[in-house]
Amino acid sequence: DVKVTQSSRYLVKRTGEKVFLECVQDMDHENMFWYRQDPGLGLRLIYFSYDVKMKEKGDIPEGYSVSREKKERFSLILESASTNQTSMYLCASPPDIQGSYEQYFGPGTRLTVT
Amino acid sequence: AQKITQTQPGMFVQEKEAVTLDCTYDTSDPSYGLFWYKQPSSGEMIFLIYQGSYDQQNATEGRYSLNFQKARKSANLVISASQLGDSAMYFCAMNRGNAGGTSYGKLTFGQGTILTVHP
């Protein structure tokens with residue numbers, strides 16, 4: 001019954017490292033999202049993708065890039081990790097029906113940058 | 001741009017009592033959807049309830065109901081007969097509806113409210 005998976009639940013990286021967060025969905029959805037969750041700020045959209053190789057910036061894209069080479073996989077890349085990127089990262093994949101209320105989230109990756 | 005505001009950082013309720021979690025929103029879209037999610041300490045996001053902006057009746061799902069007041073732009077979550085397992089973070093969120101252009105399913109979230117249920 002697994003729908004959205006993320007490569008790691010917990011991750012510890014050093015400042016300056018290149019970090020890859022992977023998200024995989026098995027529902028054949030077009031759209032995939034990366035959100036960042038911080039206390040007092042809720043979830044904020046980093047990037048999203050509406051098709052293979054297609055991507056758009058969300059509200060806080062600075063310091064991040066993404067890759068979507070295959071429909072089922074959406075990767076978030078921290079080119080040079082910094083301590084202010086310590087956060088919880090959530091991947092989501094809604095159905096392709098416009099306005100549908102179903103949203104499928106991954107279990108989240110708690111990233112610590114030291 | 002859409003905005004969601006949750007003004008209660010934390011709420012406490014006694015087991016078996018009802019509790020209301022506040023949510024106000026702002027949008028210029030004519031059509032939109034409002035959501036509530038529960039996030040236990042384990043971190044997963046659990047969908048609770050949805051209200052479309054053109055829905056005439058307030059949404060209900062078991063012990064959850066959404067008190068939708070369109071003119072006041074509020075979408076409060078009411079949990080009846082609270083249980084210990086309801087202790088969690090709760091997020092209000094919104095997206096564009098069908099008439100609001102292509103949204104790709106993007107959600108705008110509030111800051112969240114931590115609910116603690118006391119025995």
# chains A, B, ... in the order shown; residues from 1 in each chain; ligands from 1

call {"tool": "interface_residues", "arguments": {"of": "chain B", "to": "chain A", "cutoff": "12 Å", "atoms": "only C-alpha atoms", "output": "count of residues only"}}
result
59

call {"tool": "residues_around", "arguments": {"residues": "range 65-75 of chain A", "least_positions_apart": "4", "cutoff": "9 Å", "atoms": "only C-alpha atoms", "output": "short mmCIF file (atom, residue, chain, number, x, y, z; two decimals) with all heavy atoms, in the first residue's frame"}}
result
data_model
loop_
_atom_site.label_atom_id
_atom_site.label_comp_id
_atom_site.auth_asym_id
_atom_site.auth_seq_id
_atom_site.Cartn_x
_atom_site.Cartn_y
_atom_site.Cartn_z
N PHE A 20 21.63 14.71 -1.46
CA PHE A 20 20.53 14.28 -2.34
C PHE A 20 19.42 13.68 -1.47
O PHE A 20 19.65 12.76 -0.70
CB PHE A 20 21.01 13.20 -3.32
CG PHE A 20 21.98 13.69 -4.35
CD1 PHE A 20 23.34 13.74 -4.07
CD2 PHE A 20 21.54 14.10 -5.60
CE1 PHE A 20 24.23 14.19 -5.02
CE2 PHE A 20 22.43 14.56 -6.55
CZ PHE A 20 23.78 14.60 -6.27
N LEU A 21 18.22 14.20 -1.63
CA LEU A 21 17.04 13.62 -1.01
C LEU A 21 16.18 13.05 -2.12
O LEU A 21 15.83 13.77 -3.07
CB LEU A 21 16.27 14.66 -0.21
CG LEU A 21 17.04 15.41 0.89
CD1 LEU A 21 16.10 16.36 1.64
CD2 LEU A 21 17.68 14.45 1.86
N GLU A 22 15.84 11.76 -1.99
CA GLU A 22 15.11 11.08 -3.05
C GLU A 22 13.67 10.83 -2.64
O GLU A 22 13.37 10.50 -1.50
CB GLU A 22 15.77 9.74 -3.37
CG GLU A 22 17.24 9.81 -3.73
CD GLU A 22 17.46 10.29 -5.14
OE1 GLU A 22 16.51 10.22 -5.95
OE2 GLU A 22 18.57 10.77 -5.43
N CYS A 23 12.79 10.97 -3.60
CA CYS A 23 11.37 10.69 -3.39
C CYS A 23 10.88 9.84 -4.55
O CYS A 23 11.15 10.16 -5.71
CB CYS A 23 10.59 12.00 -3.31
SG CYS A 23 8.80 11.78 -3.19
N VAL A 24 10.16 8.79 -4.21
CA VAL A 24 9.61 7.90 -5.24
C VAL A 24 8.13 7.69 -4.98
O VAL A 24 7.72 7.43 -3.85
CB VAL A 24 10.33 6.54 -5.23
CG1 VAL A 24 9.70 5.59 -6.25
CG2 VAL A 24 11.81 6.71 -5.53
N GLN A 25 7.32 7.80 -6.06
CA GLN A 25 5.88 7.52 -5.94
C GLN A 25 5.51 6.43 -6.93
O GLN A 25 6.05 6.36 -8.03
CB GLN A 25 5.05 8.79 -6.16
CG GLN A 25 5.36 9.57 -7.42
CD GLN A 25 4.44 9.30 -8.59
OE1 GLN A 25 3.51 8.49 -8.50
NE2 GLN A 25 4.68 9.99 -9.70
N ASP A 26 4.56 5.59 -6.49
CA ASP A 26 4.18 4.44 -7.32
C ASP A 26 2.78 4.59 -7.89
O ASP A 26 2.13 3.60 -8.23
CB ASP A 26 4.31 3.14 -6.52
CG ASP A 26 3.38 3.09 -5.32
OD1 ASP A 26 2.61 4.05 -5.12
OD2 ASP A 26 3.42 2.10 -4.57
N MET A 27 2.31 5.84 -8.01
CA MET A 27 0.92 6.07 -8.44
C MET A 27 0.84 6.62 -9.87
O MET A 27 -0.24 6.99 -10.32
CB MET A 27 0.27 7.05 -7.47
CG MET A 27 0.23 6.52 -6.04
SD MET A 27 -0.18 7.81 -4.84
CE MET A 27 1.35 8.73 -4.78
N ASP A 28 1.98 6.73 -10.54
CA ASP A 28 2.02 7.24 -11.91
C ASP A 28 1.50 8.68 -12.01
O ASP A 28 0.91 9.08 -13.01
CB ASP A 28 1.21 6.33 -12.85
CG ASP A 28 1.62 6.51 -14.32
OD1 ASP A 28 2.82 6.69 -14.58
OD2 ASP A 28 0.73 6.48 -15.19
N HIS A 29 1.73 9.47 -10.97
CA HIS A 29 1.29 10.87 -10.98
C HIS A 29 2.24 11.75 -11.77
O HIS A 29 3.44 11.53 -11.79
CB HIS A 29 1.19 11.40 -9.55
CG HIS A 29 0.06 10.83 -8.76
ND1 HIS A 29 -0.06 11.01 -7.41
CD2 HIS A 29 -1.02 10.10 -9.14
CE1 HIS A 29 -1.16 10.40 -6.99
NE2 HIS A 29 -1.75 9.83 -8.02
N GLU A 30 1.65 12.81 -12.36
CA GLU A 30 2.48 13.78 -13.08
C GLU A 30 3.20 14.72 -12.11
O GLU A 30 4.33 15.12 -12.33
CB GLU A 30 1.60 14.63 -14.02
CG GLU A 30 0.83 13.85 -15.06
CD GLU A 30 1.71 13.35 -16.18
OE1 GLU A 30 2.85 13.83 -16.32
OE2 GLU A 30 1.26 12.45 -16.92
N ASN A 31 2.50 15.11 -11.05
CA ASN A 31 2.99 16.18 -10.18
C ASN A 31 3.67 15.65 -8.93
O ASN A 31 3.18 14.71 -8.29
CB ASN A 31 1.84 17.09 -9.75
CG ASN A 31 1.10 17.68 -10.92
OD1 ASN A 31 1.67 17.94 -11.96
ND2 ASN A 31 -0.21 17.87 -10.77
N MET A 32 4.79 16.27 -8.60
CA MET A 32 5.49 15.94 -7.36
C MET A 32 6.03 17.22 -6.75
O MET A 32 6.39 18.16 -7.47
CB MET A 32 6.62 14.94 -7.62
CG MET A 32 6.12 13.59 -8.14
SD MET A 32 7.42 12.36 -8.34
CE MET A 32 7.75 11.91 -6.63
N PHE A 33 6.09 17.24 -5.42
CA PHE A 33 6.43 18.45 -4.68
C PHE A 33 7.47 18.17 -3.60
O PHE A 33 7.47 17.09 -3.01
CB PHE A 33 5.19 19.01 -3.98
CG PHE A 33 4.11 19.46 -4.90
CD1 PHE A 33 3.23 18.54 -5.46
CD2 PHE A 33 3.95 20.79 -5.21
CE1 PHE A 33 2.23 18.95 -6.33
CE2 PHE A 33 2.95 21.21 -6.07
CZ PHE A 33 2.09 20.29 -6.62
N TRP A 34 8.30 19.17 -3.34
CA TRP A 34 9.16 19.14 -2.16
C TRP A 34 8.79 20.34 -1.27
O TRP A 34 8.81 21.49 -1.71
CB TRP A 34 10.64 19.24 -2.54
CG TRP A 34 11.25 17.92 -2.86
CD1 TRP A 34 11.61 17.46 -4.10
CD2 TRP A 34 11.61 16.88 -1.94
NE1 TRP A 34 12.14 16.20 -4.00
CE2 TRP A 34 12.16 15.83 -2.68
CE3 TRP A 34 11.51 16.74 -0.55
CZ2 TRP A 34 12.62 14.64 -2.10
CZ3 TRP A 34 11.95 15.57 0.03
CH2 TRP A 34 12.51 14.53 -0.73
N ILE A 46 9.33 24.24 -1.83
CA ILE A 46 10.68 24.53 -2.34
C ILE A 46 10.67 24.49 -3.88
O ILE A 46 11.03 25.45 -4.54
CB ILE A 46 11.70 23.50 -1.80
CG1 ILE A 46 11.66 23.44 -0.28
CG2 ILE A 46 13.11 23.86 -2.28
CD1 ILE A 46 12.50 22.31 0.30
N TYR A 47 10.29 23.37 -4.41
CA TYR A 47 10.21 23.15 -5.86
C TYR A 47 9.08 22.17 -6.13
O TYR A 47 8.72 21.37 -5.28
CB TYR A 47 11.51 22.53 -6.39
CG TYR A 47 12.53 23.47 -6.94
CD1 TYR A 47 13.61 23.90 -6.16
CD2 TYR A 47 12.45 23.93 -8.25
CE1 TYR A 47 14.58 24.75 -6.66
CE2 TYR A 47 13.42 24.79 -8.77
CZ TYR A 47 14.48 25.20 -7.96
OH TYR A 47 15.45 26.04 -8.48
N PHE A 48 8.60 22.21 -7.36
CA PHE A 48 7.70 21.16 -7.78
C PHE A 48 7.94 20.81 -9.24
O PHE A 48 8.59 21.57 -9.98
CB PHE A 48 6.23 21.51 -7.52
CG PHE A 48 5.68 22.62 -8.38
CD1 PHE A 48 4.92 22.34 -9.51
CD2 PHE A 48 5.89 23.94 -8.04
CE1 PHE A 48 4.38 23.35 -10.27
CE2 PHE A 48 5.36 24.96 -8.81
CZ PHE A 48 4.60 24.67 -9.92
N SER A 49 7.42 19.66 -9.63
CA SER A 49 7.60 19.18 -11.00
C SER A 49 6.25 18.69 -11.50
O SER A 49 5.53 17.99 -10.80
CB SER A 49 8.61 18.04 -11.02
OG SER A 49 8.61 17.39 -12.28
N ASP A 51 6.01 17.30 -14.71
CA ASP A 51 6.25 16.31 -15.75
C ASP A 51 7.73 15.95 -15.70
O ASP A 51 8.53 16.69 -15.10
CB ASP A 51 5.88 16.86 -17.13
CG ASP A 51 5.60 15.76 -18.15
OD1 ASP A 51 5.88 14.58 -17.84
OD2 ASP A 51 5.10 16.07 -19.24
N VAL A 52 8.08 14.88 -16.36
CA VAL A 52 9.50 14.50 -16.42
C VAL A 52 10.30 15.65 -17.01
O VAL A 52 9.89 16.26 -18.01
CB VAL A 52 9.67 13.23 -17.26
CG1 VAL A 52 11.15 12.90 -17.44
CG2 VAL A 52 8.96 12.06 -16.61
N LYS A 53 11.40 15.97 -16.37
CA LYS A 53 12.32 17.04 -16.77
C LYS A 53 11.72 18.45 -16.66
O LYS A 53 12.37 19.43 -17.04
CB LYS A 53 12.85 16.81 -18.19
CG LYS A 53 13.68 15.54 -18.33
CD LYS A 53 14.39 15.50 -19.68
CE LYS A 53 15.09 14.17 -19.88
NZ LYS A 53 16.17 13.95 -18.90
N MET A 54 10.50 18.56 -16.17
CA MET A 54 9.88 19.88 -15.99
C MET A 54 9.86 20.22 -14.52
O MET A 54 9.54 19.37 -13.68
CB MET A 54 8.46 19.88 -16.56
CG MET A 54 8.35 19.44 -17.99
SD MET A 54 9.34 20.42 -19.12
CE MET A 54 8.41 21.95 -19.13
N LYS A 55 10.18 21.46 -14.21
CA LYS A 55 10.23 21.87 -12.82
C LYS A 55 9.88 23.35 -12.71
O LYS A 55 10.06 24.11 -13.67
CB LYS A 55 11.62 21.62 -12.22
CG LYS A 55 12.71 22.40 -12.94
CD LYS A 55 14.08 22.01 -12.46
CE LYS A 55 15.14 22.80 -13.22
NZ LYS A 55 16.52 22.38 -12.90
N LYS A 57 10.03 26.67 -9.64
CA LYS A 57 10.39 27.11 -8.30
C LYS A 57 9.14 27.31 -7.46
O LYS A 57 8.12 27.77 -7.95
CB LYS A 57 11.18 28.42 -8.37
CG LYS A 57 12.55 28.26 -9.02
CD LYS A 57 13.26 29.60 -9.07
CE LYS A 57 14.63 29.45 -9.74
NZ LYS A 57 15.34 30.74 -9.84
N PRO A 61 13.16 28.55 -3.13
CA PRO A 61 14.05 27.67 -3.89
C PRO A 61 15.55 27.91 -3.66
O PRO A 61 16.37 27.09 -4.07
CB PRO A 61 13.68 28.02 -5.33
CG PRO A 61 13.29 29.47 -5.26
CD PRO A 61 12.62 29.63 -3.92
N GLU A 79 23.11 21.75 -3.08
CA GLU A 79 24.41 21.79 -3.75
C GLU A 79 25.57 21.94 -2.76
O GLU A 79 26.60 21.32 -2.92
CB GLU A 79 24.44 22.95 -4.74
CG GLU A 79 23.45 22.81 -5.88
CD GLU A 79 23.83 21.72 -6.88
OE1 GLU A 79 25.01 21.30 -6.88
OE2 GLU A 79 22.96 21.26 -7.63
N CYS A 91 8.10 15.15 0.87
CA CYS A 91 7.75 15.01 -0.54
C CYS A 91 6.26 14.72 -0.62
O CYS A 91 5.70 14.03 0.25
CB CYS A 91 8.56 13.87 -1.14
SG CYS A 91 8.17 13.49 -2.86
#

call {"tool": "atom_distance", "arguments": {"atom1": "CA of Glu17 in chain B", "atom2": "CA of Arg63 in chain B"}}
result
11.3 Å

call {"tool": "select_by_dssp", "arguments": {"residues": "chain B", "states": "helix (DSSP H, G or I)", "output": "list in words"}}
result
Leu84, Gly85, Asp86, Asn98, Ala99 and Gly100 of chain B

call {"tool": "select_by_dssp", "arguments": {"residues": "chain B", "states": "strand (DSSP E or B)", "output": "PyMOL selection string"}}
result
chain B and resi 3-5+10-14+19-21+24-26+32-39+46-52+60-61+64-69+74-79+88-96+108-109+113-118

call {"tool": "atom_distance", "arguments": {"atom1": "CA of Gln56 in chain B", "atom2": "CA of Cys23 in chain B"}}
result
18.7 Å
